[in-house]
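work21.csv, holding CSV, C-alpha atoms:
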chain,number,residue,atom,x,y,z
X,1,MET,CA,35.1,5.1,52.0
X,2,ASN,CA,32.0,7.1,51.7
X,3,ILE,CA,29.2,4.5,51.7
X,4,LEU,CA,25.5,5.1,50.8
X,5,ILE,CA,23.2,2.7,52.6
X,6,THR,CA,19.6,2.2,51.4
X,7,ASN,CA,17.0,-0.5,51.3
X,8,ASP,CA,13.4,-1.3,50.2
X,9,ASP,CA,12.0,-2.3,53.7
X,10,GLY,CA,12.1,1.4,54.7
X,11,TYR,CA,14.1,3.7,56.9
X,12,GLY,CA,14.5,2.3,60.4
X,13,ALA,CA,13.9,-1.3,59.4
X,14,TRP,CA,15.8,-3.9,61.5
X,15,GLY,CA,18.1,-5.0,58.6
X,16,ILE,CA,19.2,-1.5,57.6
X,17,GLU,CA,19.9,-0.5,61.2
X,18,ALA,CA,22.2,-3.6,61.7
X,19,LEU,CA,24.0,-2.8,58.4
X,20,ILE,CA,24.5,0.9,59.4
X,21,GLU,CA,25.9,-0.1,62.8
X,22,ALA,CA,28.4,-2.6,61.4
X,23,VAL,CA,29.6,-0.5,58.4
X,24,SER,CA,29.9,2.7,60.4
X,25,LYS,CA,32.7,1.3,62.4
X,26,LYS,CA,35.0,1.3,59.4
X,27,HIS,CA,33.5,3.7,56.9
X,28,ASN,CA,31.8,7.1,56.6
X,29,VAL,CA,28.1,6.2,56.1
X,30,PHE,CA,25.3,8.1,54.5
X,31,VAL,CA,21.7,6.9,54.7
X,32,ILE,CA,19.0,7.7,52.2
X,33,ALA,CA,16.2,5.1,52.5
X,34,PRO,CA,12.5,5.1,51.6
X,35,ASP,CA,10.1,6.4,54.3
X,36,GLY,CA,8.1,3.2,54.1
X,37,ASN,CA,8.1,-0.3,52.6
X,38,ARG,CA,8.9,-0.3,48.9
X,39,SER,CA,9.3,-4.0,48.4
X,40,GLY,CA,8.8,-5.2,44.8
X,41,ASN,CA,9.4,-1.7,43.3
X,42,SER,CA,12.3,-2.9,41.2
X,43,MET,CA,13.9,0.0,39.2
X,44,CYS,CA,10.8,2.3,39.5
X,45,ILE,CA,11.8,6.0,39.6
X,46,HIS,CA,10.0,9.3,39.8
X,47,LEU,CA,10.3,10.9,36.3
X,48,TYR,CA,7.5,13.4,36.2
X,49,SER,CA,6.6,14.1,39.9
X,50,SER,CA,8.6,15.5,42.8
X,51,PHE,CA,9.1,13.8,46.2
X,52,LYS,CA,10.3,15.0,49.6
X,53,LEU,CA,13.2,13.9,51.8
X,54,TYR,CA,13.2,14.2,55.6
X,55,LYS,CA,16.3,14.6,57.6
X,56,LYS,CA,16.4,12.0,60.4
X,57,GLY,CA,19.9,12.6,61.8
X,58,GLU,CA,23.4,13.4,60.8
X,59,GLN,CA,23.9,12.2,57.3
X,60,LYS,CA,20.6,10.3,57.4
X,61,TRP,CA,17.5,11.0,55.3
X,62,ALA,CA,14.1,9.3,54.7
X,63,CYS,CA,12.8,9.6,51.1
X,64,GLU,CA,9.3,9.5,49.8
X,65,GLY,CA,10.6,7.7,46.7
X,66,THR,CA,11.8,4.3,45.8
X,67,PRO,CA,15.2,2.6,46.4
X,68,ALA,CA,16.3,3.6,42.9
X,69,ASP,CA,15.2,7.2,43.7
X,70,CYS,CA,17.4,7.1,46.8
X,71,VAL,CA,20.4,6.1,44.7
X,72,ASN,CA,19.6,8.8,42.1
X,73,VAL,CA,19.5,11.5,44.9
X,74,ALA,CA,22.8,10.4,46.3
X,75,LEU,CA,24.7,10.1,43.0
X,76,LYS,CA,23.0,12.7,40.8
X,77,GLY,CA,22.0,15.3,43.3
X,78,ASN,CA,23.7,17.8,45.7
X,79,LEU,CA,22.2,16.6,49.0
X,80,LEU,CA,25.3,14.9,50.3
X,81,ASN,CA,28.0,17.2,48.9
X,82,CYS,CA,30.5,14.4,48.6
X,83,LYS,CA,31.5,11.6,46.3
X,84,ILE,CA,29.9,8.3,47.2
X,85,ASP,CA,32.3,5.4,46.7
X,86,ALA,CA,29.9,2.4,46.9
X,87,VAL,CA,26.2,1.6,47.6
X,88,LEU,CA,25.0,-1.0,50.0
X,89,SER,CA,21.3,-2.0,49.9
X,90,GLY,CA,19.7,-4.0,52.7
X,91,ILE,CA,19.7,-6.0,54.8
X,92,ASN,CA,16.4,-7.1,53.2
X,93,LYS,CA,13.9,-9.0,55.5
X,94,GLY,CA,13.5,-11.9,53.1
X,95,GLN,CA,15.6,-13.5,50.5
X,96,ASN,CA,16.3,-12.1,47.0
X,97,ILE,CA,17.5,-15.1,45.1
X,98,GLY,CA,17.1,-16.1,41.4
X,99,THR,CA,14.2,-14.4,39.7
X,100,ASP,CA,13.3,-12.5,42.9
X,101,ILE,CA,16.1,-10.2,41.8
X,102,ILE,CA,13.9,-8.9,38.9
X,103,TYR,CA,11.3,-7.5,41.3
X,104,SER,CA,13.5,-6.6,44.2
X,105,GLY,CA,13.9,-2.9,45.2
X,106,THR,CA,16.9,-4.0,47.3
X,107,CYS,CA,18.7,-5.4,44.2
X,108,ALA,CA,17.6,-2.4,42.1
X,109,ALA,CA,19.6,0.0,44.2
X,110,ALA,CA,22.8,-2.0,43.7
X,111,LYS,CA,22.0,-2.4,40.0
X,112,GLY,CA,21.6,1.4,39.7
X,113,ALA,CA,24.9,2.0,41.4
X,114,VAL,CA,27.0,0.0,39.0
X,115,ILE,CA,25.2,1.5,36.0
X,116,PHE,CA,26.1,4.9,37.4
X,117,GLY,CA,29.7,3.9,37.7
X,118,ILE,CA,30.3,2.8,41.3
X,119,PRO,CA,30.1,-0.6,43.1
X,120,GLY,CA,26.7,-1.8,44.3
X,121,VAL,CA,26.1,-4.6,46.8
X,122,ALA,CA,22.6,-6.0,47.7
X,123,VAL,CA,22.2,-7.9,51.0
X,124,SER,CA,19.3,-10.1,52.0
X,125,MET,CA,18.4,-12.6,54.7
X,126,GLN,CA,15.8,-15.3,55.0
X,127,LEU,CA,14.4,-17.0,58.1
X,128,ALA,CA,16.1,-20.3,58.8
X,129,CYS,CA,12.7,-21.9,59.5
X,130,GLU,CA,9.6,-20.9,57.6
X,131,ASN,CA,7.2,-20.2,60.4
X,132,ASP,CA,4.9,-17.3,59.8
X,133,SER,CA,4.8,-16.6,63.5
X,134,ASP,CA,8.5,-15.8,63.4
X,135,TRP,CA,8.4,-13.2,60.7
X,136,ASN,CA,7.8,-10.3,63.2
X,137,ASP,CA,9.9,-11.8,66.0
X,138,ARG,CA,13.1,-9.7,66.1
X,139,SER,CA,15.0,-12.4,68.0
X,140,LYS,CA,14.6,-14.8,65.0
X,141,TRP,CA,16.5,-12.4,62.7
X,142,HIS,CA,20.3,-12.5,63.0
X,143,PHE,CA,21.0,-9.5,60.8
X,144,GLU,CA,24.1,-8.8,62.8
X,145,SER,CA,25.9,-11.9,61.5
X,146,ILE,CA,25.6,-11.0,57.8
X,147,ALA,CA,26.1,-7.3,58.5
X,148,SER,CA,29.5,-8.2,60.1
X,149,PHE,CA,30.4,-10.2,57.0
X,150,VAL,CA,29.6,-7.3,54.7
X,151,ALA,CA,31.5,-4.8,56.8
X,152,ASP,CA,34.6,-7.1,57.1
X,153,ASN,CA,34.7,-7.9,53.4
X,154,LEU,CA,33.4,-4.7,51.9
X,155,GLU,CA,36.4,-4.0,49.8
X,156,LYS,CA,36.4,-7.5,48.4
X,157,LEU,CA,32.7,-7.4,47.6
X,158,CYS,CA,33.2,-4.1,45.8
X,159,SER,CA,36.1,-5.5,43.8
X,160,LEU,CA,33.8,-8.2,42.4
X,161,CYS,CA,31.5,-5.5,41.0
X,162,ARG,CA,31.9,-4.4,37.4
X,163,PRO,CA,30.6,-0.8,37.3
X,164,ALA,CA,30.3,1.4,34.2
X,165,SER,CA,33.5,3.3,33.5
X,166,GLY,CA,32.8,6.9,34.3
X,167,GLY,CA,29.2,6.3,33.4
X,168,LYS,CA,30.3,4.9,30.0
X,169,MET,CA,29.8,1.4,28.8
X,170,PRO,CA,32.5,-1.0,30.0
X,171,ASP,CA,34.2,-3.6,27.8
X,172,GLU,CA,32.2,-6.3,29.7
X,173,LYS,CA,28.7,-6.1,31.0
X,174,CYS,CA,28.0,-4.2,34.2
X,175,ALA,CA,27.6,-6.5,37.3
X,176,PHE,CA,26.6,-5.9,40.9
X,177,ILE,CA,26.9,-8.2,43.9
X,178,ASN,CA,24.0,-10.0,45.5
X,179,VAL,CA,24.6,-11.4,48.9
X,180,ASN,CA,22.1,-13.8,50.6
X,181,ALA,CA,22.0,-16.0,53.7
X,182,ARG,CA,19.7,-17.8,56.1
X,183,SER,CA,19.1,-16.1,59.5
X,184,LEU,CA,22.0,-17.9,61.3
X,185,LYS,CA,24.3,-16.7,64.0
X,186,SER,CA,27.3,-18.3,62.1
X,187,PHE,CA,27.9,-19.7,58.7
X,188,LYS,CA,29.8,-22.7,57.3
X,189,GLY,CA,31.6,-20.4,54.8
X,190,VAL,CA,31.0,-18.4,51.7
X,191,LYS,CA,30.1,-19.7,48.2
X,192,ILE,CA,30.3,-17.9,44.9
X,193,THR,CA,27.1,-18.9,43.3
X,194,ASP,CA,24.9,-19.0,40.2
X,195,VAL,CA,21.4,-17.7,40.5
X,196,CYS,CA,18.5,-20.1,40.7
X,197,PHE,CA,15.1,-19.9,38.8
X,198,ARG,CA,12.0,-19.3,40.9
X,199,GLU,CA,8.5,-19.9,39.6
X,200,TYR,CA,5.8,-18.3,41.6
X,201,THR,CA,3.2,-21.0,41.0
X,202,ASP,CA,0.8,-20.1,43.8
X,203,ASP,CA,0.7,-16.3,43.3
X,204,LYS,CA,-2.7,-15.0,42.6
X,205,ALA,CA,-4.3,-11.7,41.5
X,206,GLU,CA,-7.7,-11.5,43.3
X,207,ILE,CA,-10.2,-9.3,41.5
X,208,SER,CA,-13.4,-8.0,43.0
X,209,PHE,CA,-16.1,-5.5,41.9
X,210,LYS,CA,-17.2,-3.0,44.5
X,211,ASP,CA,-20.7,-1.6,45.1
X,212,GLY,CA,-22.2,-3.8,42.4
X,213,SER,CA,-20.4,-1.9,39.6
X,214,SER,CA,-19.0,-3.8,36.7
X,215,ASP,CA,-17.0,-0.7,35.6
X,216,THR,CA,-14.5,-0.6,38.5
X,217,ALA,CA,-12.5,-3.5,39.7
X,218,GLU,CA,-10.2,-3.8,42.7
X,219,CYS,CA,-7.2,-6.1,42.6
X,220,VAL,CA,-5.2,-7.6,45.5
X,221,PHE,CA,-2.0,-9.5,44.8
X,222,LEU,CA,-1.7,-12.6,47.0
X,223,GLY,CA,1.8,-14.1,47.1
X,224,GLY,CA,2.2,-17.9,47.5
X,225,GLU,CA,4.9,-20.5,47.8
X,226,GLY,CA,7.4,-20.5,45.0
X,227,GLU,CA,9.2,-23.5,43.3
X,228,THR,CA,12.9,-23.3,42.9
X,229,ASP,CA,15.1,-24.9,40.3
X,230,GLN,CA,18.8,-24.5,39.4
X,231,ARG,CA,21.2,-25.1,36.5
X,232,SER,CA,24.3,-25.2,38.7
X,233,TYR,CA,25.2,-24.6,42.3
X,234,SER,CA,23.0,-21.6,43.1
X,235,ASP,CA,22.2,-18.9,45.7
X,236,TYR,CA,19.3,-21.1,46.8
X,237,GLN,CA,21.4,-24.2,47.5
X,238,ALA,CA,24.2,-22.3,49.2
X,239,CYS,CA,21.8,-20.6,51.6
X,240,LYS,CA,20.0,-23.9,52.2
X,241,ASP,CA,23.4,-25.6,53.0
X,242,GLY,CA,24.2,-22.9,55.6
X,243,TYR,CA,26.6,-20.8,53.5
X,244,ILE,CA,26.6,-17.1,52.6
X,245,SER,CA,25.8,-16.8,48.9
X,246,VAL,CA,27.7,-14.2,46.8
X,247,SER,CA,26.5,-13.9,43.2
X,248,ARG,CA,27.7,-11.6,40.5
X,249,VAL,CA,24.6,-10.5,38.6
X,250,ILE,CA,24.5,-8.7,35.2
X,251,ALA,CA,23.0,-5.3,35.7
X,252,GLU,CA,22.3,-4.2,32.2
X,253,PRO,CA,19.8,-5.7,29.7
X,254,CYS,CA,21.4,-8.5,27.6
X,255,SER,CA,20.4,-9.9,24.2
X,256,ALA,CA,19.7,-13.6,23.7
X,257,ASN,CA,20.9,-13.8,20.1
X,258,ASP,CA,23.9,-16.0,20.6
X,259,ASP,CA,22.0,-19.3,20.5
X,260,LEU,CA,20.1,-18.6,17.3
X,261,ASN,CA,21.0,-18.6,13.6
X,262,LEU,CA,19.4,-15.2,12.9
X,263,ASP,CA,20.5,-15.1,9.3
X,264,SER,CA,18.1,-18.1,8.6
X,265,ILE,CA,15.1,-16.1,9.8
X,266,GLY,CA,13.4,-14.2,7.0
X,267,PHE,CA,11.1,-11.4,8.2
X,268,SER,CA,8.3,-10.0,6.0
X,269,LEU,CA,7.9,-6.3,5.4

Translate the structure of the given file into structure tokens.
Amino acid sequence: MNILITNDDGYGAWGIEALIEAVSKKHNVFVIAPDGNRSGNSMCIHLYSSFKLYKKGEQKWACEGTPADCVNVALKGNLLNCKIDAVLSGINKGQNIGTDIIYSGTCAAAKGAVIFGIPGVAVSMQLACENDSDWNDRSKWHFESIASFVADNLEKLCSLCRPASGGKMPDEKCAFINVNARSLKSFKGVKITDVCFREYTDDKAEISFKDGSSDTAECVFLGGEGETDQRSYSDYQACKDGYISVSRVIAEPCSANDDLNLDSIGFSL
């Protein structure tokens, strides 16, 4: 298969390099990835401004845009001159579970793929032990283990996706695959999971005024520790238990009208 690999950590990041190496053994890989970190960009795309792409090697490009832009270039442009069969996004340095998915550029790339009509798989990994000193220690990140799983099971993962049919609305809602695991050399197995709910209780937007001016403020977003809850066996629990988590995630907006008696609500005009 012709596989596009992208990410939100940026071209050359440890995770994407491990994924490229593993998948290239069995498939024809193309790489279009952001030229820097685009974490938290979600589905952001360039609508009214241009961006550049820089050739890094055979079938490899770094892009000034976002992960969603990278998918647009591959699927809607003529840069690659071939049909892409599936999109892999990752391996993200850090988990993308539960409500992380909303903000994740990694997941956005997989989401965009299924909306455009081809399978999309997002892959993320979290440190087994939460020590800040380990975050930049390459030896603590066992990206190769999850990369091998994805490469060995790519067809199965793609079959679990529910892409749009020729770009048209499918009978059931579009779904992409979200894969998560702790940074382990080996896993107990694989679990099909629900997604958890993560509340970012300690996050803070710190505002300061520069040069004594009250007209211009500067904001720095400070991430904190999140609290996690679950309605059923979730991506969070599977990873915590030493399994690889595989979640089917709805890619398109969904209404929440099924639990309300809407006819009983009288609106005023």

Report task. Skip Ser186 in chain X itself and residues of its chain fewer than 2 positions away, then list as an NGL selection string all residues within 12 Å of it, counting only C-alpha atoms. Result -> :X and (128 or 142-149 or 181-184 or 188-190 or 242-244)

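When all atoms listed in the file are used to compute distances to Asn28 in chain X, the closest of the residues X:Val220, X:Ala109, X:Leu80, X:Cys254 turns out to be X:Leu80.
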
Report task. Determine the nearest neighbour of Glu227 in chain X from the options X:Gly40, X:Pro67, X:Gly112, X:Gly98, counting only C-alpha atoms. Result -> X:Gly98

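With only the atoms specified (only C-alpha atoms) counting, those residues at most 9 Å away from (11.1, 4.8, 45.6) are X:Asp8, X:Ala33, X:Pro34, X:Asp35, X:Arg38, X:Asn41, X:Ser42, X:Met43, X:Cys44, X:Ile45, X:His46, X:Cys63, X:Glu64, X:Gly65, X:Thr66, X:Pro67, X:Ala68, X:Asp69, X:Cys70, X:Gly105.
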
**Report entry** Protein/DNA/RNA residues near (20.6, -7.9, 44.0), cut 8 Å, only C-alpha atoms, as JSON, numbers by chain
**Finding:** {"X": [96, 97, 101, 104, 106, 107, 108, 109, 110, 111, 121, 122, 123, 176, 177, 178, 179, 249]}

Report summary line: One decimal place gives the CA of Val31 in chain X-CA of Asn81 in chain X separation as 13.4 Å

Query raised in the report: What lies within 6 Å of Ala86 in chain X using all atoms listed in the file, ignoring chain neighbours under 4 positions off, as a list of chain:residue names?
Result: X:Ile3, X:Ile118, X:Pro119, X:Gly120

Fix up range 22-57 of chain X with N, CA and C atoms, then write it as a PDB file, keeping the file's coordinate frame.
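Final file, part14.pdb:
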ATOM      1  N   ALA X  22      27.177  -1.825  61.670  1.00  0.00           N
ATOM      2  CA  ALA X  22      28.400  -2.600  61.400  1.00  0.00           C
ATOM      3  C   ALA X  22      29.337  -1.797  60.449  1.00  0.00           C
ATOM      4  N   VAL X  23      28.794  -1.202  59.401  1.00  0.00           N
ATOM      5  CA  VAL X  23      29.600  -0.500  58.400  1.00  0.00           C
ATOM      6  C   VAL X  23      30.186   0.786  58.935  1.00  0.00           C
ATOM      7  N   SER X  24      29.444   1.452  59.819  1.00  0.00           N
ATOM      8  CA  SER X  24      29.900   2.700  60.400  1.00  0.00           C
ATOM      9  C   SER X  24      31.157   2.630  61.187  1.00  0.00           C
ATOM     10  N   LYS X  25      31.484   1.440  61.648  1.00  0.00           N
ATOM     11  CA  LYS X  25      32.700   1.300  62.400  1.00  0.00           C
ATOM     12  C   LYS X  25      33.956   1.446  61.611  1.00  0.00           C
ATOM     13  N   LYS X  26      33.840   1.261  60.281  1.00  0.00           N
ATOM     14  CA  LYS X  26      35.000   1.300  59.400  1.00  0.00           C
ATOM     15  C   LYS X  26      34.911   2.350  58.303  1.00  0.00           C
ATOM     16  N   HIS X  27      33.716   2.863  58.050  1.00  0.00           N
ATOM     17  CA  HIS X  27      33.500   3.700  56.900  1.00  0.00           C
ATOM     18  C   HIS X  27      32.597   4.905  57.255  1.00  0.00           C
ATOM     19  N   ASN X  28      32.617   5.915  56.401  1.00  0.00           N
ATOM     20  CA  ASN X  28      31.800   7.100  56.600  1.00  0.00           C
ATOM     21  C   ASN X  28      30.428   6.791  55.875  1.00  0.00           C
ATOM     22  N   VAL X  29      29.376   6.640  56.659  1.00  0.00           N
ATOM     23  CA  VAL X  29      28.100   6.200  56.100  1.00  0.00           C
ATOM     24  C   VAL X  29      27.099   7.301  55.967  1.00  0.00           C
ATOM     25  N   PHE X  30      26.441   7.284  54.815  1.00  0.00           N
ATOM     26  CA  PHE X  30      25.300   8.100  54.500  1.00  0.00           C
ATOM     27  C   PHE X  30      24.087   7.244  54.339  1.00  0.00           C
ATOM     28  N   VAL X  31      22.947   7.678  54.823  1.00  0.00           N
ATOM     29  CA  VAL X  31      21.700   6.900  54.700  1.00  0.00           C
ATOM     30  C   VAL X  31      20.665   7.707  53.964  1.00  0.00           C
ATOM     31  N   ILE X  32      20.173   7.169  52.854  1.00  0.00           N
ATOM     32  CA  ILE X  32      19.000   7.700  52.200  1.00  0.00           C
ATOM     33  C   ILE X  32      18.105   6.448  51.922  1.00  0.00           C
ATOM     34  N   ALA X  33      17.019   6.319  52.631  1.00  0.00           N
ATOM     35  CA  ALA X  33      16.200   5.100  52.500  1.00  0.00           C
ATOM     36  C   ALA X  33      14.714   5.548  52.385  1.00  0.00           C
ATOM     37  N   PRO X  34      13.881   4.726  51.754  1.00  0.00           N
ATOM     38  CA  PRO X  34      12.500   5.100  51.600  1.00  0.00           C
ATOM     39  C   PRO X  34      11.802   5.265  52.980  1.00  0.00           C
ATOM     40  N   ASP X  35      10.781   6.116  53.003  1.00  0.00           N
ATOM     41  CA  ASP X  35      10.100   6.400  54.300  1.00  0.00           C
ATOM     42  C   ASP X  35       9.064   5.339  54.627  1.00  0.00           C
ATOM     43  N   GLY X  36       8.961   4.297  53.827  1.00  0.00           N
ATOM     44  CA  GLY X  36       8.100   3.200  54.100  1.00  0.00           C
ATOM     45  C   GLY X  36       8.492   1.993  53.255  1.00  0.00           C
ATOM     46  N   ASN X  37       7.774   0.907  53.368  1.00  0.00           N
ATOM     47  CA  ASN X  37       8.100  -0.300  52.600  1.00  0.00           C
ATOM     48  C   ASN X  37       7.942  -0.107  51.127  1.00  0.00           C
ATOM     49  N   ARG X  38       8.985  -0.399  50.355  1.00  0.00           N
ATOM     50  CA  ARG X  38       8.900  -0.300  48.900  1.00  0.00           C
ATOM     51  C   ARG X  38       9.316  -1.626  48.244  1.00  0.00           C
ATOM     52  N   SER X  39       9.014  -2.727  48.917  1.00  0.00           N
ATOM     53  CA  SER X  39       9.300  -4.000  48.400  1.00  0.00           C
ATOM     54  C   SER X  39       8.654  -4.248  47.027  1.00  0.00           C
ATOM     55  N   GLY X  40       9.374  -4.859  46.097  1.00  0.00           N
ATOM     56  CA  GLY X  40       8.800  -5.200  44.800  1.00  0.00           C
ATOM     57  C   GLY X  40       8.760  -3.973  43.842  1.00  0.00           C
ATOM     58  N   ASN X  41       9.419  -2.872  44.198  1.00  0.00           N
ATOM     59  CA  ASN X  41       9.400  -1.700  43.300  1.00  0.00           C
ATOM     60  C   ASN X  41      10.409  -1.757  42.193  1.00  0.00           C
ATOM     61  N   SER X  42      11.309  -2.729  42.261  1.00  0.00           N
ATOM     62  CA  SER X  42      12.300  -2.900  41.200  1.00  0.00           C
ATOM     63  C   SER X  42      13.027  -1.579  40.923  1.00  0.00           C
ATOM     64  N   MET X  43      13.162  -1.224  39.639  1.00  0.00           N
ATOM     65  CA  MET X  43      13.900   0.000  39.200  1.00  0.00           C
ATOM     66  C   MET X  43      12.953   1.195  39.066  1.00  0.00           C
ATOM     67  N   CYS X  44      11.764   1.143  39.632  1.00  0.00           N
ATOM     68  CA  CYS X  44      10.800   2.300  39.500  1.00  0.00           C
ATOM     69  C   CYS X  44      11.438   3.554  40.019  1.00  0.00           C
ATOM     70  N   ILE X  45      11.304   4.635  39.239  1.00  0.00           N
ATOM     71  CA  ILE X  45      11.800   6.000  39.600  1.00  0.00           C
ATOM     72  C   ILE X  45      10.734   7.008  39.341  1.00  0.00           C
ATOM     73  N   HIS X  46      10.834   8.143  40.035  1.00  0.00           N
ATOM     74  CA  HIS X  46      10.000   9.300  39.800  1.00  0.00           C
ATOM     75  C   HIS X  46      10.529  10.077  38.596  1.00  0.00           C
ATOM     76  N   LEU X  47       9.804  10.106  37.516  1.00  0.00           N
ATOM     77  CA  LEU X  47      10.300  10.900  36.300  1.00  0.00           C
ATOM     78  C   LEU X  47       9.561  12.208  36.217  1.00  0.00           C
ATOM     79  N   TYR X  48       8.264  12.246  36.506  1.00  0.00           N
ATOM     80  CA  TYR X  48       7.500  13.400  36.200  1.00  0.00           C
ATOM     81  C   TYR X  48       6.809  14.022  37.455  1.00  0.00           C
ATOM     82  N   SER X  49       7.207  13.596  38.632  1.00  0.00           N
ATOM     83  CA  SER X  49       6.600  14.100  39.900  1.00  0.00           C
ATOM     84  C   SER X  49       7.756  14.284  40.899  1.00  0.00           C
ATOM     85  N   SER X  50       7.578  15.215  41.806  1.00  0.00           N
ATOM     86  CA  SER X  50       8.600  15.500  42.800  1.00  0.00           C
ATOM     87  C   SER X  50       8.304  14.578  44.062  1.00  0.00           C
ATOM     88  N   PHE X  51       9.275  14.493  44.940  1.00  0.00           N
ATOM     89  CA  PHE X  51       9.100  13.800  46.200  1.00  0.00           C
ATOM     90  C   PHE X  51       9.948  14.461  47.258  1.00  0.00           C
ATOM     91  N   LYS X  52       9.585  14.271  48.496  1.00  0.00           N
ATOM     92  CA  LYS X  52      10.300  15.000  49.600  1.00  0.00           C
ATOM     93  C   LYS X  52      11.247  14.019  50.295  1.00  0.00           C
ATOM     94  N   LEU X  53      12.240  14.646  50.927  1.00  0.00           N
ATOM     95  CA  LEU X  53      13.200  13.900  51.800  1.00  0.00           C
ATOM     96  C   LEU X  53      13.171  14.582  53.150  1.00  0.00           C
ATOM     97  N   TYR X  54      13.258  13.755  54.196  1.00  0.00           N
ATOM     98  CA  TYR X  54      13.200  14.200  55.600  1.00  0.00           C
ATOM     99  C   TYR X  54      14.432  13.872  56.321  1.00  0.00           C
ATOM    100  N   LYS X  55      15.086  14.892  56.877  1.00  0.00           N
ATOM    101  CA  LYS X  55      16.300  14.600  57.600  1.00  0.00           C
ATOM    102  C   LYS X  55      15.994  13.944  58.935  1.00  0.00           C
ATOM    103  N   LYS X  56      16.668  12.812  59.182  1.00  0.00           N
ATOM    104  CA  LYS X  56      16.400  12.000  60.400  1.00  0.00           C
ATOM    105  C   LYS X  56      17.572  12.052  61.368  1.00  0.00           C
ATOM    106  N   GLY X  57      18.695  12.572  60.930  1.00  0.00           N
ATOM    107  CA  GLY X  57      19.900  12.600  61.800  1.00  0.00           C
ATOM    108  C   GLY X  57      21.050  13.059  60.956  1.00  0.00           C
TER     109      GLY X  57
END
